[in-house]
Amino acid sequence: MEYFCGYYPKQRRKPDGASLLVQHCEYRQGQVLLACLCRPGKDANEMLELLFRWFRGLIIAPRDFRKADKAMGKWKRQLEDLLSMEGCVSLEFSAGIHAAGILCFGNRAILFCRGEMEILLIQEDIGRAKLRRVRVCPSRVSGWEMELASVQPNVGFLLTSQEFATHILDVKLNECLKMRNIVSEEQLQKQLEELVEVSADDDMGAACVIGVKIGGANGD
């Protein structure tokens, strides 16, 4: 599998935008991608720093690509342990975190979210892009939802706020976000920008999204 990632933090009337983390690494055997979008704030920045250090510290061996299920199960437990660190579960810390994230490896993905953030699945239905909410299972870490899921080529995920997710589910997507037609990160980035420009409402404040496309070895 290969992955394309784009993001669109758009400043509108409110000064708040988003805190985001995107890490995309390529190995001879394949790729690994971590993306996370948070409402801005000191607590969110600390959490993203934890995620960044954890991801950069991963030792990915060739056998992990052959046994992706085992590797992702291990990394899911590590993520839960990371988020259950004392600072992350204290009321003062965790109450201020609103986040949605995804870790992609092989044909598996770890989805995780908390608070007023959403993960949407992007699929095609009779040639049209369709969005639906992903219902993520509660995690053993208080306040978090986390799930290990299988992914197929030519699907995508959209990480955004509940406010924008609710709004965009009612928007006619037309040619935006048709995963089968996206063959580069530049193309995904352009379509995300078009989507936000067409569908965002000035009264909503900041419209911020991260989009991830799951592709095959040749992007199809």
# chains A, B, ... in the order shown; residues from 1 in each chain; ligands from 1
$ closest_atom_pairs --of "region 60-137 of chain A" --to "region 20-30 of chain A" --cutoff "12 Å" --atoms "only C-alpha atoms" --output "JSON lines"
{"residue": "A:Ile60", "atom": "CA", "partner": "A:Tyr27", "partner_atom": "CA", "distance": 9.1}
{"residue": "A:Ala61", "atom": "CA", "partner": "A:Gln29", "partner_atom": "CA", "distance": 9.6}
{"residue": "A:Pro62", "atom": "CA", "partner": "A:Gln29", "partner_atom": "CA", "distance": 7.0}
{"residue": "A:Arg63", "atom": "CA", "partner": "A:Gln29", "partner_atom": "CA", "distance": 9.7}
{"residue": "A:Asp64", "atom": "CA", "partner": "A:Gln29", "partner_atom": "CA", "distance": 9.6}
{"residue": "A:Phe65", "atom": "CA", "partner": "A:Gln29", "partner_atom": "CA", "distance": 6.7}
{"residue": "A:Arg66", "atom": "CA", "partner": "A:Gln29", "partner_atom": "CA", "distance": 9.0}
{"residue": "A:Lys67", "atom": "CA", "partner": "A:Gln29", "partner_atom": "CA", "distance": 12.0}
{"residue": "A:Ala68", "atom": "CA", "partner": "A:Gly30", "partner_atom": "CA", "distance": 11.0}
{"residue": "A:His98", "atom": "CA", "partner": "A:Leu20", "partner_atom": "CA", "distance": 11.6}
{"residue": "A:Ala99", "atom": "CA", "partner": "A:Leu20", "partner_atom": "CA", "distance": 9.3}
{"residue": "A:Ala100", "atom": "CA", "partner": "A:Leu20", "partner_atom": "CA", "distance": 9.7}
{"residue": "A:Gly101", "atom": "CA", "partner": "A:Leu21", "partner_atom": "CA", "distance": 9.0}
{"residue": "A:Ile102", "atom": "CA", "partner": "A:Val22", "partner_atom": "CA", "distance": 9.8}
{"residue": "A:Leu103", "atom": "CA", "partner": "A:Gln23", "partner_atom": "CA", "distance": 9.5}
{"residue": "A:Cys104", "atom": "CA", "partner": "A:His24", "partner_atom": "CA", "distance": 9.5}
{"residue": "A:Phe105", "atom": "CA", "partner": "A:Gly30", "partner_atom": "CA", "distance": 8.1}
{"residue": "A:Gly106", "atom": "CA", "partner": "A:Gly30", "partner_atom": "CA", "distance": 7.3}
{"residue": "A:Asn107", "atom": "CA", "partner": "A:Gly30", "partner_atom": "CA", "distance": 10.7}
$ closest_residue --among "A:Thr160, A:Leu37, A:Met117, A:Met47" --to "Glu145 (chain A)" --atoms "only C-alpha atoms"
A:Met117
$ closest_residue --among "A:Glu124, A:Asp43, A:Glu194, A:Asp81" --to "Pro153 (chain A)" --atoms "only C-alpha atoms"
A:Glu124
$ select_by_dssp --residues "region 57-164 of chain A" --states "strand (DSSP E or B)" --output "tab-separated table (two decimals) with C-alpha atoms, in the first residue's frame"
chain	number	residue	atom	x	y	z
A	99	ALA	CA	-8.07	15.23	18.33
A	100	ALA	CA	-8.51	12.87	15.39
A	101	GLY	CA	-5.68	10.78	14.01
A	102	ILE	CA	-4.69	7.83	11.84
A	103	LEU	CA	-1.67	5.55	11.56
A	104	CYS	CA	-1.46	3.63	8.25
A	105	PHE	CA	0.76	0.61	7.63
A	108	ARG	CA	-4.17	-1.79	8.32
A	109	ALA	CA	-4.90	1.51	10.03
A	110	ILE	CA	-5.18	2.63	13.63
A	111	LEU	CA	-7.92	5.24	14.00
A	112	PHE	CA	-8.02	7.33	17.17
A	113	CYS	CA	-10.05	10.33	18.25
A	114	ARG	CA	-11.19	12.30	21.25
A	117	MET	CA	-13.31	15.76	16.33
A	118	GLU	CA	-14.48	13.31	13.66
A	119	ILE	CA	-13.07	10.74	11.25
A	120	LEU	CA	-14.98	10.36	7.98
A	121	LEU	CA	-14.60	7.50	5.50
A	122	ILE	CA	-14.48	8.47	1.81
A	123	GLN	CA	-15.78	5.88	-0.66
A	124	GLU	CA	-17.20	5.90	-4.16
A	125	ASP	CA	-20.79	4.92	-4.88
A	128	ARG	CA	-19.64	9.60	-6.78
A	129	ALA	CA	-17.66	10.27	-3.63
A	130	LYS	CA	-19.58	9.48	-0.47
A	131	LEU	CA	-18.72	10.40	3.10
A	132	ARG	CA	-19.81	8.65	6.26
A	133	ARG	CA	-18.82	8.89	9.89
A	138	PRO	CA	-13.95	3.22	23.07
A	144	TRP	CA	-10.21	8.20	23.88
A	145	GLU	CA	-11.62	6.07	21.08
A	146	MET	CA	-9.21	3.84	19.17
A	147	GLU	CA	-9.62	1.01	16.66
A	148	LEU	CA	-7.46	-1.19	14.45
A	149	ALA	CA	-9.15	-1.47	11.05
A	150	SER	CA	-8.53	-3.05	7.67
A	155	VAL	CA	-10.71	4.67	-0.03
A	156	GLY	CA	-9.81	7.70	2.04
A	157	PHE	CA	-10.21	9.26	5.45
A	158	LEU	CA	-10.98	12.84	6.39
A	159	LEU	CA	-10.00	14.17	9.83
A	160	THR	CA	-11.86	17.30	10.87
A	161	SER	CA	-13.99	18.95	13.55
$ atom_distance --atom1 "CA of Cys38 (chain A)" --atom2 "CA of Lys213 (chain A)"
19.6 Å
$ select_by_dssp --residues "region 74-217 of chain A" --states "alpha helix (DSSP H)" --output "VMD selection string"
chain A and resid 74 to 83 86 to 89 91 to 94 162 to 168 185 to 199
$ write_last_selection --atoms "C-alpha atoms" --output "compact mmCIF listing (two decimals), in the first residue's frame"
# COMPACT_ATOMS: atom_id res chain seq x y z
CA LYS A 74 1.87 -3.85 19.09
CA TRP A 75 1.82 -0.19 18.02
CA LYS A 76 -1.81 0.20 19.06
CA ARG A 77 -0.89 -0.94 22.57
CA GLN A 78 2.04 1.47 22.56
CA LEU A 79 -0.23 4.33 21.52
CA GLU A 80 -2.66 3.50 24.30
CA ASP A 81 0.21 3.40 26.77
CA LEU A 82 1.46 6.74 25.45
CA LEU A 83 -1.94 8.40 25.84
CA GLU A 86 -0.13 10.48 33.79
CA GLY A 87 -0.09 13.85 32.07
CA CYS A 88 -2.45 12.71 29.32
CA VAL A 89 -5.16 11.40 31.62
CA LEU A 91 -8.33 16.19 34.11
CA GLU A 92 -6.38 19.39 33.52
CA PHE A 93 -4.57 17.90 30.52
CA SER A 94 -7.12 15.65 28.85
CA GLN A 162 -17.48 17.71 14.39
CA GLU A 163 -18.83 21.07 13.25
CA PHE A 164 -17.32 20.84 9.78
CA ALA A 165 -18.03 17.10 9.53
CA THR A 166 -21.73 17.66 10.17
CA HIS A 167 -21.79 20.46 7.63
CA ILE A 168 -19.87 18.62 4.93
CA GLU A 185 -0.38 14.27 -2.96
CA GLU A 186 -0.52 17.49 -5.01
CA GLN A 187 -3.81 16.39 -6.54
CA LEU A 188 -5.24 15.46 -3.15
CA GLN A 189 -4.13 18.80 -1.74
CA LYS A 190 -5.85 20.68 -4.57
CA GLN A 191 -9.09 18.76 -4.14
CA LEU A 192 -9.10 19.38 -0.39
CA GLU A 193 -8.67 23.10 -1.01
CA GLU A 194 -11.51 23.07 -3.54
CA LEU A 195 -13.72 21.14 -1.14
CA VAL A 196 -13.18 23.56 1.73
CA GLU A 197 -13.55 26.65 -0.45
CA VAL A 198 -16.85 25.37 -1.85
CA SER A 199 -18.36 24.01 1.35
$ closest_residue --among "A:Ile59, A:Ala35, A:Leu51, A:Ala71" --to "Val212 (chain A)" --atoms "only C-alpha atoms"
A:Ala35
$ atom_distance --atom1 "CA of Gln152 (chain A)" --atom2 "CA of Tyr3 (chain A)"
11.3 Å
$ atom_distance --atom1 "CA of Leu33 (chain A)" --atom2 "CA of Cys5 (chain A)"
8.5 Å
$ closest_residue --among "A:Arg53, A:Ile214, A:Val32, A:Cys208" --to "Pro9 (chain A)" --atoms "only C-alpha atoms"
A:Cys208
